[in-house]
file run_22.csv (CSV, C-alpha atoms)
chain,number,residue,atom,x,y,z
A,1,MET,CA,0.0,0.0,0.0
A,2,LYS,CA,2.8,2.4,1.0
A,3,LYS,CA,4.6,1.6,-2.3
A,4,LEU,CA,1.4,2.3,-4.2
A,5,VAL,CA,0.9,5.6,-2.6
A,6,PHE,CA,4.5,6.6,-3.1
A,7,THR,CA,4.4,5.6,-6.8
A,8,ALA,CA,1.2,7.5,-7.3
A,9,LEU,CA,2.8,10.6,-5.7
A,10,ALA,CA,5.9,10.3,-7.8
A,11,VAL,CA,3.9,10.0,-11.0
A,12,VAL,CA,1.9,13.1,-10.1
A,13,ALA,CA,5.1,15.1,-9.2
A,14,PHE,CA,6.9,14.2,-12.4
A,15,SER,CA,3.9,14.8,-14.6
A,16,ALA,CA,3.4,18.3,-13.0
A,17,THR,CA,6.9,19.4,-14.1
A,18,SER,CA,6.0,18.5,-17.7
A,19,PHE,CA,3.3,21.2,-17.6
A,20,ALA,CA,5.8,23.9,-16.7
A,21,GLU,CA,6.3,26.3,-19.6
A,22,THR,CA,9.7,27.1,-20.8
A,23,ARG,CA,10.1,30.6,-22.2
A,24,GLU,CA,12.9,32.1,-24.1
A,25,VAL,CA,13.6,35.5,-22.7
A,26,LYS,CA,14.9,38.0,-25.3
A,27,VAL,CA,16.7,41.1,-24.3
A,28,ASP,CA,15.3,43.9,-26.5
A,29,LYS,CA,17.6,46.6,-25.2
A,30,ILE,CA,21.4,46.7,-25.4
A,31,LEU,CA,22.6,48.3,-22.2
A,32,PHE,CA,25.3,51.0,-22.5
A,33,THR,CA,27.7,52.1,-19.8
A,34,ASP,CA,27.3,55.6,-18.3
A,35,CYS,CA,30.3,56.8,-20.4
A,36,GLU,CA,29.0,55.3,-23.6
A,37,ASN,CA,25.7,57.1,-23.0
A,38,TRP,CA,27.5,60.3,-22.2
A,39,ALA,CA,29.6,60.0,-25.3
A,40,MET,CA,26.6,59.5,-27.5
A,41,ASP,CA,25.0,62.7,-26.0
A,42,GLN,CA,28.2,64.6,-26.7
A,43,MET,CA,28.2,63.4,-30.3
A,44,ALA,CA,24.5,64.5,-30.7
A,45,LEU,CA,25.4,67.9,-29.2
A,46,TYR,CA,28.5,68.4,-31.3
A,47,ASP,CA,27.2,67.0,-34.6
A,48,PRO,CA,23.4,67.1,-34.5
A,49,GLY,CA,23.1,66.7,-38.3
A,50,ASP,CA,25.3,63.5,-38.4
A,51,GLN,CA,27.6,65.3,-40.7
A,52,LEU,CA,31.0,63.8,-39.6
A,53,PRO,CA,32.2,60.9,-41.8
A,54,PRO,CA,31.5,57.6,-40.2
A,55,GLU,CA,35.1,56.6,-39.4
A,56,GLU,CA,35.9,60.0,-38.0
A,57,ALA,CA,32.7,60.0,-35.9
A,58,HIS,CA,33.6,56.5,-34.6
A,59,ASP,CA,37.1,57.7,-33.6
A,60,ASN,CA,35.6,60.7,-31.9
A,61,TYR,CA,33.1,58.6,-30.0
A,62,ARG,CA,35.7,56.1,-28.8
A,63,SER,CA,38.0,59.0,-27.7
A,64,LEU,CA,35.1,60.5,-25.7
A,65,VAL,CA,34.3,57.1,-24.0
A,66,GLU,CA,38.0,56.6,-23.2
A,67,GLU,CA,38.4,60.1,-21.7
A,68,CYS,CA,35.2,59.6,-19.7
A,69,ASP,CA,36.4,56.3,-18.4
A,70,ARG,CA,39.8,57.8,-17.4
A,71,ASN,CA,38.1,60.4,-15.3
A,72,THR,CA,35.5,58.2,-13.7
B,73,MET,CA,79.1,95.5,-80.2
B,74,ILE,CA,78.0,92.0,-81.2
B,75,SER,CA,79.3,90.6,-78.0
B,76,LYS,CA,77.4,93.2,-76.0
B,77,ILE,CA,74.2,92.3,-77.9
B,78,ALA,CA,74.8,88.6,-77.3
B,79,PHE,CA,75.4,89.1,-73.7
B,80,PHE,CA,72.2,91.2,-73.4
B,81,CYS,CA,70.2,88.4,-75.2
B,82,LEU,CA,71.8,85.8,-72.9
B,83,TYR,CA,70.9,87.9,-69.8
B,84,ILE,CA,67.2,88.3,-71.0
B,85,PHE,CA,67.0,84.6,-71.7
B,86,SER,CA,68.3,83.6,-68.3
B,87,PHE,CA,66.0,86.1,-66.6
B,88,TYR,CA,62.8,84.6,-68.2
B,89,SER,CA,64.1,81.1,-67.7
B,90,GLY,CA,64.5,81.8,-64.0
B,91,TYR,CA,61.1,83.4,-63.7
B,92,SER,CA,59.3,80.5,-65.4
B,93,GLN,CA,60.9,78.1,-62.9
B,94,LYS,CA,59.3,80.1,-60.0
B,95,LEU,CA,56.5,77.6,-59.7
B,96,SER,CA,56.9,76.2,-56.3
B,97,GLY,CA,55.9,77.3,-52.9
B,98,THR,CA,54.9,76.5,-49.4
B,99,VAL,CA,51.9,77.7,-47.4
B,100,VAL,CA,51.4,77.1,-43.7
B,101,TYR,CA,47.8,76.9,-42.5
B,102,LYS,CA,46.2,76.8,-39.1
B,103,VAL,CA,42.7,75.7,-38.3
B,104,VAL,CA,40.1,77.5,-36.1
B,105,SER,CA,36.8,76.2,-35.0
B,106,ALA,CA,33.7,77.2,-37.0
B,107,SER,CA,31.4,75.3,-34.6
B,108,VAL,CA,28.3,77.1,-33.8
B,109,TYR,CA,26.6,74.5,-31.6
B,110,ASP,CA,25.2,75.7,-28.3
B,111,ASP,CA,27.5,74.7,-25.4
B,112,ARG,CA,25.2,76.1,-22.8
B,113,GLU,CA,23.4,72.8,-22.3
B,114,ASN,CA,26.6,70.8,-22.0
B,115,ASP,CA,27.7,69.5,-18.6
B,116,GLU,CA,31.0,70.5,-17.0
B,117,ARG,CA,32.7,67.3,-18.2
B,118,GLY,CA,31.6,68.1,-21.8
B,119,LYS,CA,32.7,71.7,-21.5
B,120,LYS,CA,36.1,70.6,-20.3
B,121,MET,CA,36.3,68.2,-23.3
B,122,VAL,CA,35.6,71.1,-25.7
B,123,GLU,CA,38.3,73.2,-24.0
B,124,GLY,CA,40.8,70.5,-24.4
B,125,ARG,CA,40.0,69.9,-28.0
B,126,LEU,CA,40.2,73.6,-28.9
B,127,ALA,CA,43.5,73.9,-27.0
B,128,SER,CA,44.9,71.0,-29.0
B,129,LEU,CA,43.6,72.5,-32.3
B,130,ALA,CA,45.4,75.8,-31.6
B,131,LYS,CA,48.7,73.9,-31.6
B,132,GLN,CA,48.2,72.2,-34.9
B,133,THR,CA,49.5,73.6,-38.2
B,134,PHE,CA,49.4,72.2,-41.8
B,135,LEU,CA,51.9,72.5,-44.6
B,136,LEU,CA,51.1,72.8,-48.3
B,137,GLU,CA,54.0,72.3,-50.7
B,138,PHE,CA,53.6,72.6,-54.4
B,139,THR,CA,55.5,72.5,-57.7
B,140,ALA,CA,54.3,73.0,-61.2
B,141,SER,CA,52.2,69.9,-61.3
B,142,LYS,CA,52.3,68.3,-57.8
B,143,SER,CA,51.3,69.2,-54.3
B,144,LYS,CA,51.4,67.8,-50.9
B,145,PHE,CA,49.3,68.7,-47.9
B,146,VAL,CA,50.3,67.3,-44.5
B,147,ARG,CA,50.0,68.0,-40.9
B,148,ASN,CA,53.0,70.0,-40.0
B,149,ASN,CA,53.6,68.4,-36.6
B,150,SER,CA,52.8,64.9,-35.5
B,151,LEU,CA,50.1,64.2,-33.0
B,152,SER,CA,51.0,65.1,-29.5
B,153,ILE,CA,54.2,63.5,-28.5
B,154,ASN,CA,53.2,64.2,-25.0
B,155,ASP,CA,52.9,61.0,-22.9
B,156,ASP,CA,49.8,62.4,-21.3
B,157,LYS,CA,47.0,60.2,-22.3
B,158,GLY,CA,44.4,63.0,-21.9
B,159,GLU,CA,46.4,65.2,-24.3
B,160,GLN,CA,46.6,62.5,-26.9
B,161,LEU,CA,42.9,62.0,-26.7
B,162,TYR,CA,42.3,65.7,-27.2
B,163,ASP,CA,44.5,65.6,-30.2
B,164,LYS,CA,42.4,62.8,-31.7
B,165,MET,CA,39.2,64.6,-31.0
B,166,ALA,CA,40.6,67.9,-32.5
B,167,THR,CA,40.7,66.2,-35.9
B,168,SER,CA,37.0,66.5,-36.1
B,169,TYR,CA,37.4,70.2,-36.7
B,170,TYR,CA,39.0,69.5,-40.0
B,171,SER,CA,36.8,66.5,-40.7
B,172,SER,CA,39.3,63.9,-41.2
B,173,SER,CA,42.9,63.1,-40.4
B,174,TYR,CA,44.8,62.6,-43.6
B,175,ASP,CA,47.6,63.9,-45.8
B,176,TYR,CA,46.8,64.5,-49.4
B,177,TYR,CA,49.1,64.2,-52.5
B,178,LEU,CA,48.2,65.4,-55.9
B,179,ASP,CA,49.7,64.9,-59.3
B,180,SER,CA,47.6,67.1,-61.6
B,181,SER,CA,49.5,66.2,-64.8
B,182,ALA,CA,48.9,62.4,-64.2
B,183,GLY,CA,45.4,63.0,-62.8
B,184,ILE,CA,46.0,61.1,-59.6
B,185,GLY,CA,45.4,62.0,-56.0
B,186,MET,CA,46.2,60.0,-52.8
B,187,PHE,CA,45.0,60.2,-49.3
B,188,LYS,CA,47.1,58.9,-46.5
B,189,TYR,CA,45.0,58.4,-43.3
B,190,SER,CA,46.9,59.0,-40.2
B,191,ARG,CA,44.6,56.6,-38.2
B,192,ASP,CA,46.3,53.5,-39.7
B,193,GLY,CA,48.3,54.7,-42.6
B,194,THR,CA,45.8,53.5,-45.2
B,195,LEU,CA,46.6,54.8,-48.7
B,196,VAL,CA,43.6,55.6,-50.9
B,197,THR,CA,44.0,56.6,-54.5
B,198,GLN,CA,41.6,58.6,-56.6
B,199,GLN,CA,41.2,59.7,-60.1
B,200,VAL,CA,41.4,63.4,-60.0
B,201,LYS,CA,38.5,65.3,-61.6
B,202,GLU,CA,38.1,69.0,-62.0
B,203,LYS,CA,36.0,70.3,-59.2
B,204,GLU,CA,32.9,72.3,-60.1
B,205,TRP,CA,33.6,75.5,-58.2
B,206,ASP,CA,31.0,78.2,-58.3
B,207,ILE,CA,33.1,81.4,-58.4
B,208,SER,CA,31.4,84.6,-57.3
B,209,THR,CA,32.4,88.2,-57.5
B,210,GLU,CA,32.3,88.5,-53.7
B,211,SER,CA,35.7,89.5,-52.5
B,212,LYS,CA,37.5,90.4,-49.4
B,213,LYS,CA,41.0,91.3,-48.3
B,214,ILE,CA,43.1,88.6,-46.5
B,215,GLY,CA,46.2,90.3,-45.4
B,216,ASP,CA,47.5,92.2,-48.4
B,217,TYR,CA,45.7,89.9,-50.9
B,218,LEU,CA,42.4,90.5,-52.6
B,219,CYS,CA,40.6,87.2,-52.5
B,220,TYR,CA,37.4,86.0,-54.2
B,221,LYS,CA,34.9,83.5,-53.0
B,222,ALA,CA,34.2,80.1,-54.5
B,223,VAL,CA,31.9,77.3,-53.4
B,224,TYR,CA,32.1,73.6,-54.1
B,225,ILE,CA,29.4,71.2,-53.1
B,226,LYS,CA,31.0,68.1,-51.7
B,227,LYS,CA,29.1,64.8,-51.6
B,228,TYR,CA,30.0,62.2,-49.0
B,229,MET,CA,28.6,59.7,-46.5
B,230,GLY,CA,27.6,61.0,-43.1
B,231,ARG,CA,27.9,59.1,-39.8
B,232,ASP,CA,24.3,58.0,-40.1
B,233,GLY,CA,25.1,56.2,-43.4
B,234,ASN,CA,23.2,58.7,-45.5
B,235,MET,CA,24.7,60.7,-48.3
B,236,LYS,CA,25.2,64.3,-47.4
B,237,THR,CA,26.1,67.4,-49.3
B,238,LEU,CA,28.3,70.0,-47.8
B,239,PRO,CA,29.2,73.4,-49.2
B,240,ILE,CA,32.9,74.0,-49.1
B,241,THR,CA,33.7,77.8,-49.2
B,242,ALA,CA,37.1,78.9,-50.4
B,243,TRP,CA,38.7,82.3,-50.7
B,244,PHE,CA,41.3,82.3,-53.4
B,245,VAL,CA,43.8,85.0,-54.6
B,246,PRO,CA,44.1,85.3,-58.4
B,247,SER,CA,47.3,87.3,-58.1
B,248,LEU,CA,48.9,84.0,-56.8
B,249,PRO,CA,48.0,81.8,-59.8
B,250,TYR,CA,48.6,78.4,-58.2
B,251,ARG,CA,45.7,76.0,-58.3
B,252,TYR,CA,46.2,74.5,-54.9
B,253,GLY,CA,44.8,74.7,-51.4
B,254,PRO,CA,44.2,72.7,-48.2
B,255,LYS,CA,43.4,69.0,-48.4
B,256,GLN,CA,42.0,67.9,-51.7
B,257,TYR,CA,40.6,71.3,-52.6
B,258,TYR,CA,42.3,72.5,-55.7
B,259,GLY,CA,41.5,73.7,-59.2
B,260,LEU,CA,40.7,77.4,-58.5
B,261,PRO,CA,42.5,80.0,-60.6
B,262,GLY,CA,44.5,81.1,-57.5
B,263,LEU,CA,45.9,79.9,-54.3
B,264,ILE,CA,43.3,79.2,-51.5
B,265,LEU,CA,44.1,81.3,-48.5
B,266,GLU,CA,40.9,80.5,-46.5
B,267,LEU,CA,38.7,77.4,-46.6
B,268,HIS,CA,35.6,76.6,-44.6
B,269,GLU,CA,34.7,72.9,-44.2
B,270,LEU,CA,32.1,71.7,-41.7
B,271,PHE,CA,33.4,72.5,-38.2
B,272,GLY,CA,36.8,74.1,-39.2
B,273,VAL,CA,38.3,77.0,-41.1
B,274,PHE,CA,41.8,76.7,-42.6
B,275,LEU,CA,43.6,80.0,-42.6
B,276,ALA,CA,46.9,80.6,-44.4
B,277,THR,CA,49.4,82.2,-42.1
B,278,ASP,CA,52.7,82.0,-44.0
B,279,ILE,CA,53.1,82.0,-47.8
B,280,LYS,CA,56.4,81.5,-49.6
B,281,ILE,CA,56.6,81.5,-53.4
B,282,GLY,CA,59.8,80.9,-55.2
B,283,ASP,CA,62.0,78.6,-57.3
B,284,ASP,CA,63.0,76.3,-54.5
B,285,LYS,CA,64.4,73.3,-56.4
B,286,ASN,CA,64.6,71.4,-53.1
B,287,ILE,CA,60.8,70.9,-53.0
B,288,THR,CA,60.3,67.3,-54.2
B,289,ILE,CA,56.9,65.7,-53.9
B,290,GLU,CA,56.9,61.9,-53.7
B,291,PHE,CA,53.7,59.9,-53.2
B,292,PRO,CA,53.8,57.5,-50.2
B,293,LYS,CA,54.7,53.9,-51.1
B,294,GLY,CA,52.7,51.0,-50.0
B,295,LYS,CA,49.5,49.0,-50.6
B,296,THR,CA,46.7,51.2,-51.8
B,297,ILE,CA,43.0,50.8,-52.0
B,298,SER,CA,40.5,52.6,-54.2
B,299,GLU,CA,38.0,55.2,-53.2
B,300,GLU,CA,35.2,52.6,-53.7
B,301,GLU,CA,36.9,50.2,-51.2
B,302,TYR,CA,37.4,53.0,-48.7
B,303,ASN,CA,33.7,54.1,-49.0
B,304,ALA,CA,32.7,50.5,-48.4
B,305,ARG,CA,34.8,50.6,-45.2
B,306,GLN,CA,33.0,53.7,-44.1
B,307,ALA,CA,29.7,51.9,-44.4
B,308,ALA,CA,31.1,49.2,-42.1
B,309,PHE,CA,31.7,51.9,-39.5
B,310,VAL,CA,28.1,53.0,-39.8
B,311,ILE,CA,26.9,49.5,-39.1
B,312,LYS,CA,29.2,49.2,-36.1
B,313,SER,CA,27.9,52.4,-34.5
B,314,LYS,CA,24.3,51.5,-34.9

call {"tool": "encode", "arguments": {"input": "run_22.csv", "output": "structure tokens"}}
result
Amino acid sequence: MKKLVFTALAVVAFSATSFAETREVKVDKILFTDCENWAMDQMALYDPGDQLPPEEAHDNYRSLVEECDRNT
Amino acid sequence: MISKIAFFCLYIFSFYSGYSQKLSGTVVYKVVSASVYDDRENDERGKKMVEGRLASLAKQTFLLEFTASKSKFVRNNSLSINDDKGEQLYDKMATSYYSSSYDYYLDSSAGIGMFKYSRDGTLVTQQVKEKEWDISTESKKIGDYLCYKAVYIKKYMGRDGNMKTLPITAWFVPSLPYRYGPKQYYGLPGLILELHELFGVFLATDIKIGDDKNITIEFPKGKTISEEEYNARQAAFVIKSK
């Protein structure tokens, strides 16, 4: 009798886990550091029309991040 | 009498020969900021960054050398040799005032130009085309020189990946009939003494014209890429920053 009860309980317990849903969590936002956010604000202030050439803008942005990190 | 005539002819001949060889020169330029953005909303850290950039810019000069058919435009001093990391970063950021950090070589008789990017030494060749300058009658004095205004519409890719147009304003002096100027801006019927491009203004501070046979302009040696390949690389930087 005890074995029967135990077996029944085990069956119920294992079958319950099969009802658990698995979800894939997607991260929609890429998180930036404080210095990266600040550097992006500086670029927007200095070049609001996106006029700098891409490579130059990238170098400027990296220099701003690096200088900010140095002083933080 | 005949010997005197011969000597006189020889003198006149040598005079004109020497004059025709006076087709070389050097011009030193400095760059000042043309930025008009509002700094009032900037934070203290940002304002300090701007001050550092401007201080670095004030120390930088550029040298234009030219002969009859070739020219070379380079930064006159290397990036800060100071070990201070902050100063080095300000030097890098100061390049945005003149929109890119490169030396430019021109051979107008062969129709070839070359950019040498200081970032990584990349050499980019281009087929030189005559620029469509819009020359106006607007004039002003720069030093002792009467200069006229010309505008060229430059097309390029901006940092958002979109093609942009940018008016490049040059003030050139016809009395110095040399078709050269800062960077890749050439082709006007006179030397460019002032050039406005995006966030910076190039100003000529020292001009020497003569027959200096010591000026030799050699293109840098090394692997080169085309303008098309370089533009494709620019697109990659747009993708990286998005």

call {"tool": "atom_distance", "arguments": {"input": "run_22.csv", "atom1": "CA of Tyr228 (chain B)", "atom2": "CA of Leu52 (chain A)"}}
result
9.6 Å

call {"tool": "residues_around", "arguments": {"input": "run_22.csv", "residues": "Ala39 (chain A)", "least_positions_apart": "5", "cutoff": "9 Å", "atoms": "only C-alpha atoms", "output": "VMD selection string"}}
result
chain A and resid 34 44 60 to 65 68

call {"tool": "residues_around", "arguments": {"input": "run_22.csv", "residues": "Lys221 (chain B)", "least_positions_apart": "3", "cutoff": "6 Å", "atoms": "all atoms listed in the file", "output": "list in words"}}
result
Ser208, Glu210, Ala242 and Trp243 of chain B

call {"tool": "interface_residues", "arguments": {"input": "run_22.csv", "of": "chain B", "to": "chain A", "cutoff": "10 Å", "atoms": "all atoms listed in the file", "output": "PyMOL selection string"}}
result
chain B and resi 107-111+113-115+117-119+121-122+157-173+191+228-238+270-271+303+305-313

call {"tool": "atom_distance", "arguments": {"input": "run_22.csv", "atom1": "CA of Lys212 (chain B)", "atom2": "CA of Ile225 (chain B)"}}
result
21.2 Å

call {"tool": "residues_around", "arguments": {"input": "run_22.csv", "residues": "Ala222 (chain B)", "least_positions_apart": "4", "cutoff": "12 Å", "atoms": "only C-alpha atoms", "output": "PyMOL selection string"}}
result
chain B and resi 203-212+239-246+257-268

call {"tool": "closest_residue", "arguments": {"input": "run_22.csv", "among": "B:Val223, B:Met186, B:Val146, B:Val103", "to": "Lys131 (chain B)", "atoms": "only C-alpha atoms"}}
result
B:Val103

call {"tool": "atom_distance", "arguments": {"input": "run_22.csv", "atom1": "CA of Glu269 (chain B)", "atom2": "CA of Lys102 (chain B)"}}
result
13.2 Å

call {"tool": "closest_atom_pairs", "arguments": {"input": "run_22.csv", "of": "region 105-184 of chain B", "to": "region 281-296 of chain B", "cutoff": "7 Å", "atoms": "all atoms listed in the file", "output": "Markdown table"}}
result
| residue | atom | partner | partner_atom | distance |
| --- | --- | --- | --- | --- |
| B:Lys142 | CA | B:Ile289 | CA | 6.6 |
| B:Ser143 | CA | B:Ile289 | CA | 6.6 |
| B:Lys144 | CA | B:Ile289 | CA | 6.6 |
| B:Tyr177 | CA | B:Phe291 | CA | 6.3 |

call {"tool": "closest_residue", "arguments": {"input": "run_22.csv", "among": "B:Gly215, B:Ser105, B:Lys226, B:Glu202", "to": "Arg125 (chain B)", "atoms": "only C-alpha atoms"}}
result
B:Ser105
